[in-house]
$ cat run.tsv   # TSV, C-alpha atoms and all ligand atoms
chain	number	residue	atom	x	y	z
A	125	MET	CA	164.98	116.64	284.57
A	126	LYS	CA	162.54	118.13	282.08
A	127	PHE	CA	163.46	120.01	278.91
A	128	ILE	CA	161.75	123.11	277.57
A	129	ARG	CA	162.29	124.87	274.23
A	130	LYS	CA	162.85	128.58	274.20
A	131	ASN	CA	163.95	130.59	271.16
A	132	GLY	CA	165.36	127.39	269.57
A	133	LEU	CA	167.38	126.51	272.68
A	134	MET	CA	166.60	123.47	274.77
A	135	ILE	CA	166.91	124.17	278.49
A	136	GLY	CA	166.80	121.57	281.26
A	137	ILE	CA	164.82	122.36	284.39
A	138	PHE	CA	164.35	120.54	287.68
A	139	PRO	CA	160.58	120.17	288.14
A	140	ALA	CA	161.18	119.30	291.80
A	141	ALA	CA	162.94	122.63	292.39
A	142	GLU	CA	159.87	124.53	291.20
A	143	VAL	CA	157.80	122.72	293.82
A	144	VAL	CA	160.12	122.65	296.84
A	145	ALA	CA	161.84	126.02	296.26
A	146	PRO	CA	159.77	128.28	293.96
A	147	GLN	CA	162.15	131.19	294.61
A	148	LEU	CA	165.10	129.20	293.23
A	149	GLU	CA	165.53	129.28	289.46
A	150	LEU	CA	167.63	126.34	288.34
A	151	LEU	CA	168.53	125.71	284.69
A	152	THR	CA	170.96	123.55	282.74
A	153	THR	CA	171.71	124.27	279.09
A	154	THR	CA	171.96	121.55	276.47
A	155	ARG	CA	173.98	121.67	273.26
A	156	THR	CA	170.87	122.54	271.20
A	157	GLY	CA	170.18	125.87	269.52
A	158	GLY	CA	173.55	127.65	269.35
A	159	LEU	CA	175.84	128.83	266.55
A	160	SER	CA	178.95	126.66	266.99
A	161	ARG	CA	179.94	124.11	264.36
A	162	GLY	CA	181.79	120.80	264.19
A	163	ALA	CA	182.81	119.24	267.51
A	164	PHE	CA	181.34	122.24	269.34
A	165	GLU	CA	177.86	122.01	267.78
A	166	SER	CA	176.02	124.00	268.83
A	167	LEU	CA	175.40	125.89	272.13
A	168	ASN	CA	178.98	125.75	273.38
A	169	LEU	CA	179.36	128.03	276.42
A	170	GLY	CA	182.92	127.10	277.38
A	171	SER	CA	185.13	130.19	277.12
A	172	SER	CA	188.33	128.12	277.33
A	173	THR	CA	187.50	125.76	274.45
A	174	GLY	CA	189.01	127.91	271.65
A	175	ASP	CA	185.66	128.09	269.84
A	176	LYS	CA	185.11	131.54	268.24
A	177	ASP	CA	181.32	131.32	268.60
A	178	VAL	CA	181.19	131.03	272.41
A	179	GLU	CA	180.63	134.75	273.06
A	180	ARG	CA	177.74	134.87	270.59
A	181	ASN	CA	176.24	131.76	272.19
A	182	ILE	CA	176.45	133.37	275.63
A	183	GLN	CA	174.69	136.48	274.29
A	184	LEU	CA	171.99	134.34	272.70
A	185	LEU	CA	171.43	132.42	275.93
A	186	LEU	CA	171.24	135.56	278.09
A	187	GLU	CA	168.84	137.25	275.67
A	188	THR	CA	166.67	134.13	275.60
A	189	LEU	CA	166.51	134.00	279.39
A	190	GLY	CA	166.15	137.78	279.80
A	191	LYS	CA	169.31	138.03	281.91
A	192	LYS	CA	171.88	140.83	282.05
A	193	ARG	CA	175.58	140.10	281.77
A	194	GLU	CA	176.39	142.05	284.94
A	195	ASN	CA	174.20	139.68	286.96
A	196	ILE	CA	176.13	136.59	285.84
A	197	ALA	CA	178.82	135.19	288.15
A	198	ARG	CA	181.18	132.55	286.80
A	199	ALA	CA	183.79	130.46	288.55
A	200	ASN	CA	186.99	130.09	286.57
A	201	GLN	CA	187.21	126.48	287.65
A	202	VAL	CA	190.51	124.73	288.35
A	203	HIS	CA	189.37	121.33	289.78
A	204	GLY	CA	190.30	122.62	293.22
A	205	ALA	CA	188.50	123.08	296.54
A	206	GLU	CA	188.34	126.89	296.91
A	207	VAL	CA	184.98	128.60	297.47
A	208	ALA	CA	184.18	132.29	296.84
A	209	THR	CA	181.36	134.05	298.72
A	210	ILE	CA	180.17	136.77	296.37
A	211	GLU	CA	177.73	139.66	296.03
A	212	LYS	CA	178.07	140.66	292.38
A	213	GLY	CA	178.59	139.29	288.88
A	214	GLY	CA	181.91	138.70	287.15
A	215	THR	CA	184.47	135.96	286.74
A	216	TYR	CA	186.04	134.55	289.88
A	217	GLU	CA	189.50	133.09	289.33
A	218	GLY	CA	190.78	129.90	290.90
A	219	VAL	CA	187.55	128.79	292.55
A	220	ASP	CA	185.25	125.81	291.96
A	221	ALA	CA	182.24	126.96	293.96
A	222	LEU	CA	180.32	130.20	294.36
A	223	VAL	CA	178.14	131.06	297.35
A	224	THR	CA	175.68	133.93	297.66
A	225	THR	CA	172.52	135.24	299.30
A	226	GLU	CA	172.05	137.99	296.67
A	227	LYS	CA	168.77	138.03	294.77
A	228	ASN	CA	168.87	137.98	290.97
A	229	LEU	CA	172.56	137.08	290.89
A	230	THR	CA	173.00	134.01	288.67
A	231	LEU	CA	175.72	131.57	289.72
A	232	VAL	CA	177.13	129.63	286.76
A	233	ILE	CA	179.02	126.34	286.74
A	234	ASN	CA	180.34	125.08	283.43
A	235	THR	CA	180.77	121.37	282.78
A	236	ALA	CA	181.06	118.53	280.28
A	237	ASP	CA	181.15	115.33	282.44
A	238	CYS	CA	181.91	116.82	285.86
A	239	TYR	CA	178.76	117.23	287.97
A	240	PRO	CA	177.23	120.61	288.70
A	241	VAL	CA	175.81	120.52	292.23
A	242	ILE	CA	173.48	123.20	293.57
A	243	VAL	CA	172.87	123.49	297.31
A	244	TYR	CA	170.13	125.79	298.58
A	245	SER	CA	168.81	126.66	302.02
A	246	PRO	CA	165.19	127.87	301.65
A	247	SER	CA	165.03	129.16	305.25
A	248	GLU	CA	168.23	131.23	305.07
A	249	ARG	CA	167.96	131.82	301.31
A	250	ALA	CA	171.62	130.93	300.81
A	251	LEU	CA	172.85	129.34	297.60
A	252	ALA	CA	175.95	127.44	296.48
A	253	ALA	CA	176.85	126.36	292.96
A	254	ILE	CA	179.59	123.73	292.94
A	255	HIS	CA	181.77	122.27	290.19
A	256	ALA	CA	182.10	118.69	291.42
A	257	GLY	CA	184.40	116.61	289.28
A	258	SER	CA	186.41	113.72	290.65
A	259	LYS	CA	189.47	115.82	291.56
A	260	GLY	CA	187.59	118.69	293.19
A	261	SER	CA	185.36	116.21	295.01
A	262	TYR	CA	188.19	114.28	296.66
A	263	ARG	CA	190.01	117.55	297.38
A	264	GLY	CA	186.94	118.70	299.37
A	265	ILE	CA	184.99	121.17	297.24
A	266	ILE	CA	181.62	119.84	298.49
A	267	ASP	CA	182.79	119.83	302.13
A	268	ASN	CA	184.13	123.39	301.81
A	269	SER	CA	180.98	124.69	300.12
A	270	ILE	CA	178.67	123.35	302.84
A	271	ALA	CA	181.08	124.59	305.54
A	272	THR	CA	180.98	128.08	303.97
A	273	LEU	CA	177.16	128.07	303.89
A	274	MET	CA	177.08	127.05	307.55
A	275	ARG	CA	179.75	129.47	308.75
A	276	ARG	CA	178.60	132.52	306.79
A	277	PHE	CA	174.85	132.02	306.77
A	278	GLN	CA	174.07	129.48	309.53
A	279	ILE	CA	171.99	127.32	307.19
A	280	ASP	CA	169.70	124.68	308.64
A	281	LEU	CA	170.87	121.37	307.16
A	282	SER	CA	167.57	119.67	307.99
A	283	ASN	CA	165.78	121.61	305.24
A	284	THR	CA	168.69	122.29	302.89
A	285	LEU	CA	168.14	121.07	299.33
A	286	ALA	CA	170.69	119.67	296.87
A	287	PHE	CA	170.38	119.15	293.13
A	288	ILE	CA	172.86	117.06	291.16
A	289	GLY	CA	172.90	118.05	287.47
A	290	PRO	CA	173.99	116.05	284.40
A	291	GLY	CA	177.41	114.38	284.52
A	292	ILE	CA	179.22	111.21	283.52
A	293	CYS	CA	177.72	107.92	284.77
A	294	LYS	CA	179.42	104.93	286.37
A	295	LYS	CA	179.28	102.91	283.14
A	296	CYS	CA	181.01	105.61	281.09
A	297	TYR	CA	183.64	106.97	283.48
A	298	SER	CA	186.88	105.01	282.99
A	299	VAL	CA	189.66	106.09	285.34
A	300	ASP	CA	193.34	105.23	285.82
A	301	SER	CA	194.58	103.47	288.93
A	302	LYS	CA	195.98	106.70	290.41
A	303	LEU	CA	192.60	108.44	290.37
A	304	ALA	CA	190.79	105.23	291.42
A	305	SER	CA	193.07	104.94	294.47
A	306	ARG	CA	191.68	108.24	295.82
A	307	PHE	CA	188.24	106.67	296.30
A	308	GLU	CA	186.92	103.88	298.48
A	309	GLY	CA	186.54	100.54	296.71
A	310	ARG	CA	182.75	100.68	296.70
A	311	TYR	CA	182.88	103.50	294.14
A	312	ILE	CA	185.12	101.55	291.74
A	313	SER	CA	184.09	98.71	289.43
A	314	LYS	CA	186.53	96.61	287.43
A	315	LYS	CA	185.75	94.78	284.21
A	316	LYS	CA	188.35	93.28	281.85
A	317	GLY	CA	191.04	95.37	283.49
A	318	VAL	CA	189.15	98.66	283.03
A	319	MET	CA	188.35	100.60	286.19
A	320	LYS	CA	185.27	102.79	286.38
A	321	LEU	CA	184.31	105.37	288.98
A	322	ASP	CA	180.82	106.13	290.27
A	323	ILE	CA	181.43	109.79	291.07
A	324	GLU	CA	177.71	110.59	291.21
A	325	GLN	CA	177.22	108.14	294.09
A	326	PHE	CA	180.30	109.59	295.81
A	327	ILE	CA	178.77	113.09	295.54
A	328	PHE	CA	175.42	111.86	296.89
A	329	ASP	CA	177.07	110.04	299.82
A	330	LYS	CA	179.22	113.10	300.55
A	331	LEU	CA	176.16	115.37	300.74
A	332	ILE	CA	174.47	112.93	303.13
A	333	SER	CA	177.59	112.53	305.28
A	334	LEU	CA	177.74	116.34	305.64
A	335	GLY	CA	174.20	116.38	307.04
A	336	ILE	CA	171.84	116.91	304.11
A	337	LYS	CA	168.78	114.64	304.29
A	338	ARG	CA	168.41	111.90	301.72
A	339	TYR	CA	164.93	113.03	300.72
A	340	ASN	CA	166.24	116.54	300.05
A	341	VAL	CA	168.74	115.43	297.38
A	342	TYR	CA	167.50	115.41	293.78
A	343	ARG	CA	169.51	113.32	291.32
A	344	PRO	CA	168.03	112.91	287.82
A	345	GLY	CA	170.92	110.62	286.86
A	346	LEU	CA	171.39	112.08	283.39
A	347	CYS	CA	174.67	111.01	281.82
A	348	THR	CA	176.52	113.49	279.58
A	349	SER	CA	178.35	110.67	277.80
A	350	CYS	CA	175.27	108.46	277.24
A	351	ASN	CA	173.27	111.33	275.68
A	352	PRO	CA	175.28	112.77	272.76
A	353	GLU	CA	172.27	114.55	271.25
A	354	LEU	CA	171.77	116.54	274.47
A	355	PHE	CA	175.17	116.96	276.05
A	356	TYR	CA	178.86	117.47	275.46
A	357	SER	CA	181.14	114.89	277.05
A	358	TYR	CA	184.82	115.58	277.55
A	359	ARG	CA	185.68	111.88	277.70
A	360	ARG	CA	183.39	110.61	274.96
A	361	ASP	CA	184.56	113.40	272.63
A	362	ARG	CA	188.22	112.92	273.60
A	363	GLY	CA	188.76	116.42	274.94
A	364	VAL	CA	187.52	118.39	271.91
A	365	THR	CA	184.03	119.40	272.91
A	366	GLY	CA	181.84	122.19	274.27
A	367	ARG	CA	180.57	123.03	277.75
A	368	HIS	CA	177.13	123.49	279.28
A	369	TRP	CA	176.12	125.97	281.92
A	370	THR	CA	174.15	125.16	285.04
A	371	MET	CA	172.65	128.40	286.31
A	372	ALA	CA	171.18	128.99	289.77
A	373	THR	CA	169.45	132.20	290.85
A	374	ILE	CA	167.54	133.26	293.93
A	375	THR	CA	164.61	135.19	292.45
A	376	GLU	CA	162.10	137.62	293.90
A	377	ALA	CA	159.24	135.24	293.24
A	378	TRP	CA	158.30	133.56	296.47
B	401	ZN	ZN	176.87	107.13	280.72
$ encode --input "run.tsv" --output "structure tokens"
Amino acid sequence: MKFIRKNGLMIGIFPAAEVVAPQLELLTTTRTGGLSRGAFESLNLGSSTGDKDVERNIQLLLETLGKKRENIARANQVHGAEVATIEKGGTYEGVDALVTTEKNLTLVINTADCYPVIVYSPSERALAAIHAGSKGSYRGIIDNSIATLMRRFQIDLSNTLAFIGPGICKKCYSVDSKLASRFEGRYISKKKGVMKLDIEQFIFDKLISLGIKRYNVYRPGLCTSCNPELFYSYRRDRGVTGRHWTMATITEAW
């Protein structure tokens, strides 16, 4: 992942996406350049965090990127496995993935440790933005998103691309035995009685098992918890923290 500065904000881009899918615009915000203070410093975009500056941060981001509010689609995420296929902006309740083929509609996933995963079929021009935390992942959010893309838009898995955004790494993600028991042993490490989960590897393996080719999965391996200057981390910050947006748009440019 590469970072660019725009109007004081620092925005993460996937250089590979620009090469393999020039019509796909894929951005991840960092915490830099917003108005929030204290634990939320500074570009907090999480509407459920109780931070009074979130709305102003959202406005600042959209102005900086030249995007209109009505073209923004957000999932009101619940760590579940429901997918919404959509054609216009707004907030979609109770879903953890959004799917579209609409041009200039920006799909937004908001995270602070969970992984944002973007799946895109360049031949069918179909896009999914997925909130893939541990709970949603074992409940089947990735499976359901790919199934929706296949059923609704007949995507060709042999050229479908996947991008895994920033999330918590296997060294930072301590889990309790109940959550650990949901995953195969190869995703769990144990040191001095502390169990850790490699959810990024689980997500990668899941994408491959569903038919996406290894060489079409891009995984920068950026940890939200290891990089406090760039990212919020729900676990590192003990629950009081902001959220980033990962934004995916099919553009006209191709
Ligand atoms: Zn880490």
$ closest_residue --input "run.tsv" --among "A:Ala236, A:Leu159, A:Leu251, A:Leu334" --to "A:Leu354" --atoms "only C-alpha atoms"
A:Ala236
$ residues_near_ligand --input "run.tsv" --ligand "ligand ZN 401 (chain B)" --cutoff "7 Å" --atoms "all atoms listed in the file" --output "list in words"
Ile292, Cys293, Lys294, Lys295, Cys296, Cys347, Thr348, Ser349 and Cys350 of chain A
$ atom_distance --input "run.tsv" --atom1 "atom CA of A:Ser247" --atom2 "atom CA of A:Arg343"
21.6 Å
$ closest_residue --input "run.tsv" --among "A:Glu142, A:Glu206, A:Glu187, A:Glu149" --to "A:Ile254" --atoms "only C-alpha atoms"
A:Glu206
$ residues_around --input "run.tsv" --residues "stretch 274-289 of chain A" --least-positions-apart "5" --cutoff "10 Å" --atoms "only C-alpha atoms" --output "ChimeraX atom specification"
/A:125,136-138,140-141,144-145,150-152,209,223-225,235,238-254,256,268-269,324,327-328,331-332,334-348,370
$ closest_residue --input "run.tsv" --among "A:Glu353, A:Thr272, A:Ile323, A:Gly260" --to "A:Leu167" --atoms "all atoms listed in the file"
A:Glu353
$ closest_residue --input "run.tsv" --among "A:Lys191, A:Thr154, A:Ser305, A:Gly317" --to "A:Phe127" --atoms "all atoms listed in the file"
A:Thr154
$ closest_residue --input "run.tsv" --among "A:Ser171, A:Asp237, A:Asp300, A:Tyr262" --to "A:Phe355" --atoms "all atoms listed in the file"
A:Asp237
$ closest_residue --input "run.tsv" --among "A:Tyr297, A:Trp369, A:Phe164, A:Tyr311" --to "A:Leu231" --atoms "only C-alpha atoms"
A:Trp369
$ residues_around --input "run.tsv" --residues "A:Gly309" --least-positions-apart "4" --cutoff "12 Å" --atoms "all atoms listed in the file" --output "number ranges by chain"
A: 301, 303-305, 313-314, 319-323, 326
$ write_last_selection --input "run.tsv" --atoms "C-alpha atoms" --output "PDB file, keeping the file's coordinate frame"
ATOM      1  CA  SER A 301     194.580 103.470 288.930  1.00  0.00           C
ATOM      2  CA  LEU A 303     192.600 108.440 290.370  1.00  0.00           C
ATOM      3  CA  ALA A 304     190.790 105.230 291.420  1.00  0.00           C
ATOM      4  CA  SER A 305     193.070 104.940 294.470  1.00  0.00           C
ATOM      5  CA  SER A 313     184.090  98.710 289.430  1.00  0.00           C
ATOM      6  CA  LYS A 314     186.530  96.610 287.430  1.00  0.00           C
ATOM      7  CA  MET A 319     188.350 100.600 286.190  1.00  0.00           C
ATOM      8  CA  LYS A 320     185.270 102.790 286.380  1.00  0.00           C
ATOM      9  CA  LEU A 321     184.310 105.370 288.980  1.00  0.00           C
ATOM     10  CA  ASP A 322     180.820 106.130 290.270  1.00  0.00           C
ATOM     11  CA  ILE A 323     181.430 109.790 291.070  1.00  0.00           C
ATOM     12  CA  PHE A 326     180.300 109.590 295.810  1.00  0.00           C
TER      13      PHE A 326
END
$ axis_aligned_box --input "run.tsv" --around "stretch 167-184 of chain A" --padding-each-side "6 Å" --output "AutoDock Vina command-line options"
--center_x 180.5 --center_y 131.1 --center_z 272.8 --size_x 29.0 --size_y 22.7 --size_z 21.1
$ atom_distance --input "run.tsv" --atom1 "atom CA of A:Gly170" --atom2 "atom CA of A:Arg263"
23.3 Å
$ build_atoms --input "run.tsv" --residues "stretch 339-355 of chain A" --atoms "N, CA and C atoms" --output "mmCIF file, in the coordinates of the input"
data_model
loop_
_atom_site.group_PDB
_atom_site.id
_atom_site.type_symbol
_atom_site.label_atom_id
_atom_site.label_comp_id
_atom_site.auth_asym_id
_atom_site.auth_seq_id
_atom_site.Cartn_x
_atom_site.Cartn_y
_atom_site.Cartn_z
ATOM 1 N N TYR A 339 166.124 112.639 301.484
ATOM 2 C CA TYR A 339 164.930 113.030 300.720
ATOM 3 C C TYR A 339 165.020 114.456 300.198
ATOM 4 N N ASN A 340 166.056 115.180 300.580
ATOM 5 C CA ASN A 340 166.240 116.540 300.050
ATOM 6 C C ASN A 340 167.282 116.611 298.939
ATOM 7 N N VAL A 341 167.774 115.450 298.487
ATOM 8 C CA VAL A 341 168.740 115.430 297.380
ATOM 9 C C VAL A 341 168.034 114.952 296.116
ATOM 10 N N TYR A 342 168.143 115.730 295.059
ATOM 11 C CA TYR A 342 167.500 115.410 293.780
ATOM 12 C C TYR A 342 168.582 115.029 292.781
ATOM 13 N N ARG A 343 168.460 113.838 292.227
ATOM 14 C CA ARG A 343 169.510 113.320 291.320
ATOM 15 C C ARG A 343 168.871 112.682 290.095
ATOM 16 N N PRO A 344 168.677 113.465 289.013
ATOM 17 C CA PRO A 344 168.030 112.910 287.820
ATOM 18 C C PRO A 344 168.840 111.816 287.145
ATOM 19 N N GLY A 345 170.129 111.708 287.430
ATOM 20 C CA GLY A 345 170.920 110.620 286.860
ATOM 21 C C GLY A 345 171.064 110.689 285.352
ATOM 22 N N LEU A 346 171.228 111.908 284.837
ATOM 23 C CA LEU A 346 171.390 112.080 283.390
ATOM 24 C C LEU A 346 172.876 112.075 283.056
ATOM 25 N N CYS A 347 173.244 111.148 282.164
ATOM 26 C CA CYS A 347 174.670 111.010 281.820
ATOM 27 C C CYS A 347 175.010 111.850 280.588
ATOM 28 N N THR A 348 176.064 112.666 280.713
ATOM 29 C CA THR A 348 176.520 113.490 279.580
ATOM 30 C C THR A 348 177.071 112.622 278.454
ATOM 31 N N SER A 349 177.739 111.530 278.817
ATOM 32 C CA SER A 349 178.350 110.670 277.800
ATOM 33 C C SER A 349 177.329 109.779 277.091
ATOM 34 N N CYS A 350 176.309 109.338 277.810
ATOM 35 C CA CYS A 350 175.270 108.460 277.240
ATOM 36 C C CYS A 350 174.277 109.220 276.344
ATOM 37 N N ASN A 351 174.279 110.536 276.401
ATOM 38 C CA ASN A 351 173.270 111.330 275.680
ATOM 39 C C ASN A 351 173.917 112.344 274.733
ATOM 40 N N PRO A 352 174.533 111.871 273.645
ATOM 41 C CA PRO A 352 175.280 112.770 272.760
ATOM 42 C C PRO A 352 174.418 113.825 272.076
ATOM 43 N N GLU A 353 173.129 113.556 271.907
ATOM 44 C CA GLU A 353 172.270 114.550 271.250
ATOM 45 C C GLU A 353 171.973 115.731 272.181
ATOM 46 N N LEU A 354 172.072 115.496 273.491
ATOM 47 C CA LEU A 354 171.770 116.540 274.470
ATOM 48 C C LEU A 354 173.006 117.242 275.024
ATOM 49 N N PHE A 355 174.066 116.433 275.248
ATOM 50 C CA PHE A 355 175.170 116.960 276.050
ATOM 51 C C PHE A 355 176.540 116.744 275.420
#
